[in-house]
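S.K.: Please find one structure pasted underneath; my questions will follow.
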Amino acid sequence: MSERAVVDVTHGVVAYGDRPVLRDVSLCVTAGEVVAILGANGSGKSTLIRAILGLIPLRAGGISLFGTPLRRFREWHRIGYVPQRVGAGSGVPATVREVVASGRLARRGVLRPPGAADRAAVSAALEAVGLAERAGDPVSTLSGGQQQRTLIARALSGEPEMLVLDEPTAGVDAGSQEAFAEALGGFVSGGGTVLLVAHELGPLQPLVGRAVVVHDGQIAHDGACPPPAGHHALPGHDHVHPHEHPAPHGVFHA
Ligand SMILES: Nc1ncnc2c1ncn2[C@@H]1O[C@H](COP(=O)(O)OP(=O)(O)OP(=O)(O)O)[C@@H](O)[C@H]1O
């Protein structure tokens, strides 16, 4: 149903200089969907979500968010974005709670002091990612996975309708991946929409309803989730999954 479209990209083209990086990409995400964008390194996954968020201009085509053309869209509090991690140990002196609370800024306006609703949303987000106990600790003392969970809690604290996540579990320890999957499950069961970039879905696999594979700047597959990379090689693999949507050869193995 197009009136419930949260993201609608039609014939999107993005180029860096003369080099086309996205070529005629169309993608519609409706409310409540959990969509994974998969593909090899450099295929254009991050470019696609950065274009959707208005961080990179389109050369051609169009994008609407919540039914409003991107150039007129102002309701950014409806979207929570967690960019790709640039490496752990950034040396941010803030505490975990401060970083998470910064996710409320779009909701309350910078000049208004935080109220009870802000504090409750921050506590709920910390709880959701399993970091309530670490709230007062400097972010720099956390593991890479915990830092990533802090950024996810920051996005959740703004109570968005859609989360956009760029490789949220890349290089993240198993415990943090599980905690993240649980937090995302809670967000989705509350009606949230998720668009995430991933190489491997790992514990997120059961949550993801649709996979979009970007290959060389184009959408090569849009439908059921492909089996995880290396799946067939696993001992005890029963080969029970259907193959109606075969993945393009080699696309998943970056
Ligand atoms: N700011 C930029 N200027 C020029 N080229 C860029 C820029 N950002 C990305 N590219 C190039 O565009 C292509 C797509 O990059 P993009 O980051 O979207 O890929 P990706 O699929 O997200 O890859 P990865 O999995 O490595 O993050 C790559 O070839 C990359 O080198």
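Letters A, B, ... mark the chains of the structure tokens in the order given; residue numbers begin at 1 per chain; ligand numbers begin at 1, in order shown.
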Please check which protein, DNA or RNA residues sit within 7 Å of ligand 1, counting only C-alpha atoms and all ligand atoms, and write them as a list in words.
M.R.: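 With only C-alpha atoms and all ligand atoms and a cut-off of 7 Å, ligand 1 is contacted by Tyr16, Val21, Gly39, Ala40, Asn41, Gly42, Ser43, Gly44, Lys45, Ser46, Thr47 and Leu48 of chain A.
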S.K.: Okay, now the selection with N, CA and C atoms, as a compact mmCIF listing (two decimals), in the first residue's frame?
M.R.:
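Once written, result17.txt looks like this:
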# COMPACT_ATOMS: atom_id res chain seq x y z
N TYR A 16 29.52 9.86 -8.07
CA TYR A 16 30.59 10.65 -7.45
C TYR A 16 31.46 11.14 -8.61
N VAL A 21 27.46 5.49 -9.23
CA VAL A 21 27.59 4.51 -8.16
C VAL A 21 26.24 3.81 -7.90
N GLY A 39 25.12 -6.99 -0.02
CA GLY A 39 25.94 -6.85 -1.23
C GLY A 39 27.41 -6.76 -0.87
N ALA A 40 28.23 -6.91 -1.89
CA ALA A 40 29.69 -6.91 -1.68
C ALA A 40 30.18 -5.51 -1.31
N ASN A 41 31.42 -5.43 -0.83
CA ASN A 41 32.06 -4.14 -0.55
C ASN A 41 32.04 -3.28 -1.80
N GLY A 42 31.68 -2.02 -1.62
CA GLY A 42 31.74 -1.09 -2.73
C GLY A 42 30.59 -1.20 -3.71
N SER A 43 29.58 -2.03 -3.41
CA SER A 43 28.48 -2.22 -4.38
C SER A 43 27.53 -1.02 -4.39
N GLY A 44 27.55 -0.21 -3.32
CA GLY A 44 26.69 0.98 -3.29
C GLY A 44 25.66 0.99 -2.17
N LYS A 45 25.80 0.08 -1.20
CA LYS A 45 24.81 -0.04 -0.12
C LYS A 45 24.75 1.23 0.73
N SER A 46 25.92 1.69 1.20
CA SER A 46 25.94 2.90 2.04
C SER A 46 25.47 4.11 1.25
N THR A 47 25.86 4.16 -0.01
CA THR A 47 25.44 5.28 -0.87
C THR A 47 23.92 5.32 -0.96
N LEU A 48 23.30 4.15 -1.08
CA LEU A 48 21.84 4.10 -1.17
C LEU A 48 21.20 4.67 0.10
S.K.: Taking 2 positions as the minimum chain separation for residues in the same chain, which residues sit within 9 Å of Leu126 of chain A when counting only C-alpha atoms? Answer as a list in words.
M.R.: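 Surrounding residues, per the criterion: Val96, Arg97, Val100, Ala121, Val122, Ser123, Ala124, Ala128, Val129, Gly130, Leu131, Ala132, Glu133, Arg134, Ala135, Arg149, Thr150, Ala153, Arg154, Leu156 and Ser157 of chain A.
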S.K.: Quick one: everything within 6 Å of Asp24 of chain A, counting only C-alpha atoms, minus sequence neighbours fewer than 5 positions away in the same chain. Send it as a VMD selection string.
M.R.: chain A and resid 11 to 13
S.K.: Can you work out which one of A:Glu98, A:Asp8, A:Glu178, A:Glu75 has the shortest atom-to-atom distance to Gly136 of chain A, counting only C-alpha atoms?
M.R.: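 Of the candidates, the smallest distance to Gly136 of chain A is held by A:Glu98.
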S.K.: Where does segment 198-221 of chain A meet segment 163-174 of chain A within 12 Å, residue by residue, with the nearest atom pair and distance in Å to one decimal for each, counting only C-alpha atoms, listed by chain and rising number, as CSV?
M.R.:
residue,atom,partner,partner_atom,distance
A:Ala198,CA,A:Glu167,CA,4.8
A:His199,CA,A:Glu167,CA,7.2
A:Glu200,CA,A:Ala170,CA,8.2
A:Leu201,CA,A:Thr169,CA,8.3
A:Gly202,CA,A:Thr169,CA,8.5
A:Pro203,CA,A:Ala174,CA,8.8
A:Leu204,CA,A:Thr169,CA,9.1
A:Gln205,CA,A:Thr169,CA,12.0
S.K.: Skip Glu161 of chain A itself and residues of its chain fewer than 5 positions away, then list as JSON, numbers by chain all residues within 10 Å of it, counting only C-alpha atoms.
M.R.: {"A": [6, 31, 32, 66, 77, 78, 79, 80, 156, 187, 188, 190, 191, 192, 193, 194]}
S.K.: I'd like to know which of A:Gln148, A:Ser140, A:Thr30, A:Thr10 is closest to Gly209 of chain A, using only C-alpha atoms.
M.R.: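 Using only C-alpha atoms, Gly209 of chain A sits closest to A:Thr30.
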S.K.: May I ask which of the residues A:Ala94, A:Ile219, A:Leu70, A:Val29 is the closest one to Pro57 of chain A, counting only C-alpha atoms?
M.R.: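 For Pro57 of chain A, the nearest of the given residues is A:Leu70.
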S.K.: Could you find all residues in segment 31-219 of chain A that DSSP calls strand (DSSP E) from the backbone, and write them as a VMD selection string?
M.R.: chain A and resid 34 to 38 60 to 65 68 to 69 79 to 82 162 to 166 193 to 197 210 to 215 218 to 219
S.K.: Next, dump the selected residues to file, keeping only C-alpha atoms, as a tab-separated table (two decimals), in the first residue's frame.
M.R.:
chain	number	residue	atom	x	y	z
A	34	VAL	CA	12.45	-5.02	8.18
A	35	VAL	CA	14.59	-4.77	5.05
A	36	ALA	CA	18.25	-5.75	4.83
A	37	ILE	CA	20.42	-4.26	2.11
A	38	LEU	CA	23.08	-6.80	1.24
A	60	ALA	CA	18.20	11.68	-11.38
A	61	GLY	CA	15.08	10.03	-10.02
A	62	GLY	CA	13.20	10.80	-6.84
A	63	ILE	CA	12.96	9.93	-3.14
A	64	SER	CA	10.03	10.36	-0.76
A	65	LEU	CA	10.00	9.79	2.98
A	68	THR	CA	6.79	13.64	1.31
A	69	PRO	CA	9.41	14.40	-1.35
A	79	ILE	CA	13.97	8.57	11.58
A	80	GLY	CA	16.81	7.24	13.71
A	81	TYR	CA	20.13	6.79	11.89
A	82	VAL	CA	23.18	4.86	13.05
A	162	MET	CA	12.07	4.04	11.24
A	163	LEU	CA	15.62	3.00	12.09
A	164	VAL	CA	18.30	3.19	9.40
A	165	LEU	CA	21.41	1.25	10.36
A	166	ASP	CA	24.63	0.92	8.39
A	193	THR	CA	10.28	-0.02	10.33
A	194	VAL	CA	13.92	-0.99	9.81
A	195	LEU	CA	16.30	-0.50	6.90
A	196	LEU	CA	19.72	-1.92	7.57
A	197	VAL	CA	22.90	-2.54	5.65
A	210	ARG	CA	13.07	-8.92	2.98
A	211	ALA	CA	16.51	-8.72	1.46
A	212	VAL	CA	17.59	-6.26	-1.20
A	213	VAL	CA	20.88	-7.13	-2.84
A	214	VAL	CA	22.86	-4.29	-4.40
A	215	HIS	CA	25.33	-5.36	-7.06
A	218	GLN	CA	21.84	-1.85	-9.16
A	219	ILE	CA	19.33	-4.00	-7.31
S.K.: Could you pull out the residues in segment 105-232 of chain A that DSSP calls alpha helix (DSSP H) from the backbone, as an NGL selection string?
M.R.: :A and (105-108 or 116-128 or 144-157 or 174-189)
